[in-house]
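K.L.:
Okay, so here is input-v2.cif, and as you'll see once you scroll down, it has mmCIF, C-alpha atoms.
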data_entry
loop_
_atom_site.label_atom_id
_atom_site.label_comp_id
_atom_site.auth_asym_id
_atom_site.auth_seq_id
_atom_site.Cartn_x
_atom_site.Cartn_y
_atom_site.Cartn_z
CA MET P 1 -141.11 120.56 -168.56
CA PHE P 2 -142.43 122.37 -165.47
CA ALA P 3 -145.54 120.17 -165.35
CA PHE P 4 -143.39 117.03 -165.61
CA LEU P 5 -141.05 118.20 -162.83
CA ALA P 6 -143.99 119.08 -160.58
CA ALA P 7 -145.58 115.66 -161.15
CA TRP P 8 -142.21 113.94 -160.69
CA SER P 9 -141.55 115.75 -157.40
CA VAL P 10 -144.97 114.87 -155.97
CA SER P 11 -144.60 111.26 -157.14
CA ALA P 12 -141.09 110.97 -155.71
CA ALA P 13 -142.23 112.35 -152.37
CA ALA P 14 -145.18 109.94 -152.23
CA MET P 15 -143.01 106.97 -153.18
CA MET P 16 -139.81 107.67 -151.33
CA LEU P 17 -140.73 109.35 -148.04
CA PRO P 18 -142.49 106.31 -146.52
CA SER P 19 -139.35 104.18 -146.85
CA ALA P 20 -137.18 107.07 -145.62
CA ALA P 21 -139.31 107.66 -142.51
CA PRO P 22 -137.41 105.24 -140.23
CA PHE P 23 -134.14 106.88 -141.28
CA VAL P 24 -135.50 110.38 -140.57
CA ARG P 25 -136.91 109.24 -137.19
CA ALA P 26 -133.53 107.78 -136.22
CA LEU P 27 -131.78 111.00 -137.15
CA ALA P 28 -134.36 113.07 -135.25
CA ALA P 29 -133.77 110.88 -132.18
CA GLY P 30 -130.08 111.72 -132.59
CA GLY P 31 -130.87 115.44 -132.51
CA VAL P 32 -130.93 116.21 -136.24
CA ARG P 33 -133.78 118.45 -137.45
CA ALA P 34 -136.15 116.22 -139.45
CA PRO P 35 -137.67 118.99 -141.63
CA ALA P 36 -134.20 119.98 -142.84
CA VAL P 37 -133.36 116.35 -143.67
CA ILE P 38 -136.62 115.95 -145.59
CA ALA P 39 -136.03 119.20 -147.49
CA GLY P 40 -132.56 118.08 -148.60
CA TYR P 41 -133.82 114.61 -149.47
CA LEU P 42 -136.66 115.96 -151.60
CA ALA P 43 -134.34 118.50 -153.26
CA VAL P 44 -132.26 115.61 -154.63
CA TRP P 45 -135.32 113.75 -155.86
CA SER P 46 -136.72 116.89 -157.48
CA GLY P 47 -133.37 117.45 -159.19
CA ALA P 48 -133.42 113.86 -160.41
CA GLY P 49 -136.57 114.80 -162.31
CA VAL P 50 -134.45 116.86 -164.72
CA THR P 51 -132.51 113.71 -165.64
CA ALA P 52 -135.76 111.77 -165.91
CA TYR P 53 -137.22 114.38 -168.24
CA GLY P 54 -134.21 114.01 -170.54
CA ALA P 55 -134.46 110.22 -170.38
CA MET P 56 -138.08 110.36 -171.52
CA ALA P 57 -136.99 111.50 -175.00
CA VAL P 58 -134.81 108.40 -175.38
CA LEU P 59 -137.42 106.06 -173.91
CA ASP P 60 -140.11 107.29 -176.29
CA SER P 61 -138.22 105.68 -179.17
CA GLY P 62 -140.45 102.58 -179.20
CA ALA P 63 -140.14 99.02 -177.97
CA LEU P 64 -136.39 98.86 -178.49
CA GLY P 65 -135.85 101.93 -176.30
CA ALA P 66 -138.30 100.76 -173.65
CA GLY P 67 -137.07 97.16 -173.68
CA GLY P 68 -133.46 98.29 -173.58
CA ALA P 69 -134.22 100.54 -170.63
CA LEU P 70 -135.84 97.65 -168.74
CA ILE P 71 -132.77 95.49 -169.45
CA VAL P 72 -130.49 98.27 -168.17
CA ALA P 73 -132.72 98.67 -165.10
CA GLY P 74 -132.57 94.94 -164.42
CA ALA P 75 -128.80 94.83 -164.82
CA TYR P 76 -128.44 97.82 -162.48
CA GLN P 77 -130.44 95.99 -159.81
CA VAL P 78 -127.59 93.47 -159.44
CA SER P 79 -124.71 95.94 -159.81
CA PRO P 80 -122.16 96.50 -157.03
CA LEU P 81 -123.00 100.25 -157.04
CA LYS P 82 -126.67 99.56 -156.36
CA HIS P 83 -125.87 97.19 -153.50
CA ALA P 84 -123.28 99.53 -151.96
CA CYS P 85 -125.84 102.33 -152.00
CA LEU P 86 -128.54 100.02 -150.64
CA ARG P 87 -126.32 99.08 -147.67
CA ARG P 88 -125.79 102.75 -146.90
CA CYS P 89 -129.42 103.61 -147.54
CA ARG P 90 -130.61 101.02 -145.01
CA THR P 91 -128.86 102.55 -141.99
CA PRO P 92 -128.48 106.10 -140.64
CA PHE P 93 -125.41 105.37 -138.54
CA HIS P 94 -122.89 106.76 -141.02
CA PHE P 95 -124.87 109.98 -141.17
CA LEU P 96 -125.05 110.26 -137.38
CA LEU P 97 -121.33 109.62 -136.94
CA HIS P 98 -120.31 112.35 -139.37
CA ARG P 99 -122.26 115.25 -137.93
CA ARG P 100 -123.53 117.73 -140.53
CA SER P 101 -126.55 119.96 -140.94
CA GLY P 102 -129.89 118.28 -141.46
CA PHE P 103 -130.21 119.68 -144.99
CA ARG P 104 -126.78 118.38 -145.97
CA ILE P 105 -127.57 114.98 -144.50
CA GLY P 106 -130.80 115.03 -146.53
CA LEU P 107 -128.83 115.83 -149.69
CA GLU P 108 -126.33 113.02 -149.04
CA TYR P 109 -129.00 110.52 -148.09
CA GLY P 110 -131.14 111.54 -151.06
CA GLY P 111 -128.17 111.05 -153.40
CA THR P 112 -127.45 107.63 -151.93
CA CYS P 113 -131.11 106.70 -152.13
CA PHE P 114 -131.39 107.89 -155.73
CA ALA P 115 -128.34 105.82 -156.70
CA CYS P 116 -129.91 102.85 -154.91
CA CYS P 117 -133.26 103.23 -156.70
CA ALA P 118 -132.11 104.48 -160.12
CA GLY P 119 -132.86 101.18 -161.89
CA LEU P 120 -136.35 100.98 -160.45
CA MET P 121 -137.04 104.62 -161.32
CA LEU P 122 -135.87 103.99 -164.89
CA ALA P 123 -138.27 101.04 -165.07
CA LEU P 124 -141.04 103.26 -163.72
CA LEU P 125 -140.41 105.80 -166.48
CA VAL P 126 -140.83 103.02 -169.05
CA LEU P 127 -143.86 101.42 -167.43
CA GLY P 128 -145.68 104.68 -166.85
CA MET P 129 -144.78 107.21 -164.21
CA ALA P 130 -148.36 108.48 -164.16
CA SER P 131 -149.72 105.00 -163.40
CA VAL P 132 -150.71 104.69 -159.76
CA VAL P 133 -150.43 100.90 -160.02
CA TRP P 134 -146.80 101.00 -161.21
CA MET P 135 -145.97 103.69 -158.64
CA VAL P 136 -147.32 101.49 -155.85
CA VAL P 137 -145.40 98.47 -157.18
CA ALA P 138 -142.15 100.47 -157.42
CA ALA P 139 -142.68 102.04 -153.98
CA GLY P 140 -143.35 98.59 -152.52
CA VAL P 141 -140.18 97.12 -154.02
CA ILE P 142 -138.15 100.11 -152.83
CA ALA P 143 -139.59 99.89 -149.31
CA ALA P 144 -139.03 96.12 -149.17
CA GLU P 145 -135.40 96.48 -150.29
CA LYS P 146 -134.74 99.20 -147.72
CA LEU P 147 -136.73 97.96 -144.75
CA LEU P 148 -136.93 94.15 -144.80
CA ALA P 149 -134.12 91.91 -143.63
CA ALA P 150 -134.26 90.07 -146.97
CA GLY P 151 -134.39 93.37 -148.86
CA PRO P 152 -131.02 93.14 -150.61
CA ARG P 153 -131.90 89.68 -151.93
CA LEU P 154 -135.18 91.01 -153.32
CA ALA P 155 -133.16 93.15 -155.72
CA TYR P 156 -132.19 89.95 -157.53
CA LEU P 157 -135.84 88.98 -157.97
CA SER P 158 -136.76 92.40 -159.33
CA ALA P 159 -133.71 92.21 -161.62
CA ALA P 160 -134.94 88.92 -163.08
CA VAL P 161 -138.42 90.35 -163.66
CA LEU P 162 -137.03 93.48 -165.33
CA LEU P 163 -134.62 91.51 -167.52
CA VAL P 164 -137.36 89.15 -168.72
CA ALA P 165 -139.73 92.06 -169.37
CA GLY P 166 -137.02 93.96 -171.23
CA CYS P 167 -136.14 91.00 -173.43
CA TRP P 168 -139.81 90.36 -174.13
CA ALA P 169 -140.31 94.02 -175.14
CA VAL P 170 -137.30 93.98 -177.45
CA LEU P 171 -138.23 90.68 -179.08
CA ALA P 172 -141.99 91.29 -179.34
#
Could you write out this structure as structure tokens?

P.N.:
Amino acid sequence: MFAFLAAWSVSAAAMMLPSAAPFVRALAAGGVRAPAVIAGYLAVWSGAGVTAYGAMAVLDSGALGAGGALIVAGAYQVSPLKHACLRRCRTPFHFLLHRRSGFRIGLEYGGTCFACCAGLMLALLVLGMASVVWMVVAAGVIAAEKLLAAGPRLAYLSAAVLLVAGCWAVLA
């Protein structure tokens, strides 16, 4: 389990920090200590690895488990919870208005970001967390959703891809 959590934490940092950088810069410009924000943010993502480790046992149950997980991931991409979290994840203003310590902001932002990206991370677990190709694809989708003006609409495209892939895996 320790090896998985170490790999997960490094992967999460590599995937998530680039899309969080504008948020951290905005907070730093507002006087919040960036290293504390990053520490809180990464603490959430490292903790999410425990859930991911447990999910791996379910996902290893063959095509039905993997296909079902992709269908769930696709459905989550269009859920109101995902889009509420994405709205909050795209802007630091809420976090600047409600002044807290940098670490606590990092924890809150990390939790919001995890809830925003949970479907894509589930898909990554199915497709191969150790695959650099799938990590780059997931990181690109996450960054596009968070940083591009059309980002929220891209979630619908990724949902369609995940739903088709999940159905194909279940039926194959």

K.L.:
How many Å separate CA of Leu163 in chain P from CA of Leu124 in chain P?

P.N.:
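Answer for the CA of Leu163 in chain P to CA of Leu124 in chain P separation: 13.9 Å.
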
K.L.:
Pick from P:Lys82, P:Arg104, P:His94, P:Arg87: nearest to Ala36 in chain P, with all atoms listed in the file counted?

P.N.:
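The closest residue to Ala36 in chain P is P:Arg104.
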
K.L.:
Report, as lines of an AutoDock Vina configuration file, the axis-aligned box around all atoms of range 28-34 of chain P present in the file, extended by 3 Å on each side; give centre and edge lengths in Å to one decimal place.

P.N.:
center_x = -133.1
center_y = 114.7
center_z = -135.8
size_x = 12.1
size_y = 13.6
size_z = 13.3

K.L.:
Rank P:Ala123, P:Ala165, P:Met129, P:Ala43 by their smallest atom-to-atom distance to Phe4 in chain P, using all atoms listed in the file, and report the top residue only.

P.N.:
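Checking each candidate against Phe4 in chain P, we get P:Met129 as the closest.
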
K.L.:
Which residues come within 12 Å of Leu81 in chain P, counting all atoms listed in the file, excluding same-chain residues fewer than 6 positions away, as a VMD selection string?

P.N.:
chain P and resid 75 87 to 89 112 to 119

K.L.:
Go ahead and write the selection's residues with C-alpha atoms as a short mmCIF file (atom, residue, chain, number, x, y, z; two decimals), in the coordinates of the input.

P.N.:
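Saved as out_16.cif:
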data_model
loop_
_atom_site.label_atom_id
_atom_site.label_comp_id
_atom_site.auth_asym_id
_atom_site.auth_seq_id
_atom_site.Cartn_x
_atom_site.Cartn_y
_atom_site.Cartn_z
CA ALA P 75 -128.80 94.83 -164.82
CA ARG P 87 -126.32 99.08 -147.67
CA ARG P 88 -125.79 102.75 -146.90
CA CYS P 89 -129.42 103.61 -147.54
CA THR P 112 -127.45 107.63 -151.93
CA CYS P 113 -131.11 106.70 -152.13
CA PHE P 114 -131.39 107.89 -155.73
CA ALA P 115 -128.34 105.82 -156.70
CA CYS P 116 -129.91 102.85 -154.91
CA CYS P 117 -133.26 103.23 -156.70
CA ALA P 118 -132.11 104.48 -160.12
CA GLY P 119 -132.86 101.18 -161.89
#

K.L.:
Could you tell me how far CA of Ala155 in chain P sits from CA of Gly68 in chain P, in Å to one decimal place?

P.N.:
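Between these atoms lies a distance of 18.6 Å.
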
K.L.:
Quick check on the file I pasted: which residues fall under the PyMOL selection byres ((chain P and resi 147-154) around 9)? Write them as a PyMOL selection string.

P.N.:
chain P and resi 19+22+83+86-87+90+141-146+155-159

K.L.:
Taking into account all atoms listed in the file, which residue in the set P:Leu127, P:Leu27, P:Ala52, P:Met135 is nearest to Phe93 in chain P?

P.N.:
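Residue with the minimum atom-to-atom distance to Phe93 in chain P: P:Leu27.
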
K.L.:
Measure the distance from CA of Val164 in chain P to CA of Ala48 in chain P in Å and round it to one decimal.

P.N.:
26.4 Å

K.L.:
Take the PyMOL selection byres ((chain P and resi 96) around 9), run it mentally on this structure, and tell me the resulting residues as JSON, numbers by chain.

P.N.:
{"P": [26, 27, 30, 32, 92, 93, 94, 95, 97, 98, 99, 100, 105]}

K.L.:
Under the rule that only C-alpha atoms are counted, which of P:Leu162, P:Leu122, P:Ala138, P:Leu70 is the nearest residue to Met56 in chain P?

P.N.:
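Among the listed residues, P:Leu122 lies closest to Met56 in chain P.
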
K.L.:
Using only C-alpha atoms, which of the listed residues (P:Gly47, P:Gly128, P:Gly166, P:Gly102) sits closest to Ala34 in chain P?

P.N.:
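Between P:Gly47, P:Gly128, P:Gly166, P:Gly102, the residue approaching Ala34 in chain P most closely is P:Gly102.
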
K.L.:
Mind checking which residues fall within 8 Å of Leu5 in chain P, counting all atoms listed in the file, ignoring those fewer than 5 positions away in the same chain, and posting them as a PyMOL selection string?

P.N.:
chain P and resi 46+49-50+53

K.L.:
Kindly resolve the PyMOL selection byres ((chain P and resi 13) around 12) on the present coordinates and return the residues as a list of chain:residue names.

P.N.:
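That selection, the PyMOL selection byres ((chain P and resi 13) around 12), comes back as P:Ala6, P:Ala7, P:Trp8, P:Ser9, P:Val10, P:Ser11, P:Ala12, P:Ala14, P:Met15, P:Met16, P:Leu17, P:Pro18, P:Ser19, P:Ala20, P:Ala21, P:Ile38, P:Ala39, P:Gly40, P:Tyr41, P:Leu42, P:Ala43, P:Val44, P:Trp45, P:Ser46, P:Gly49, P:Gly110, P:Met135, P:Ala139.
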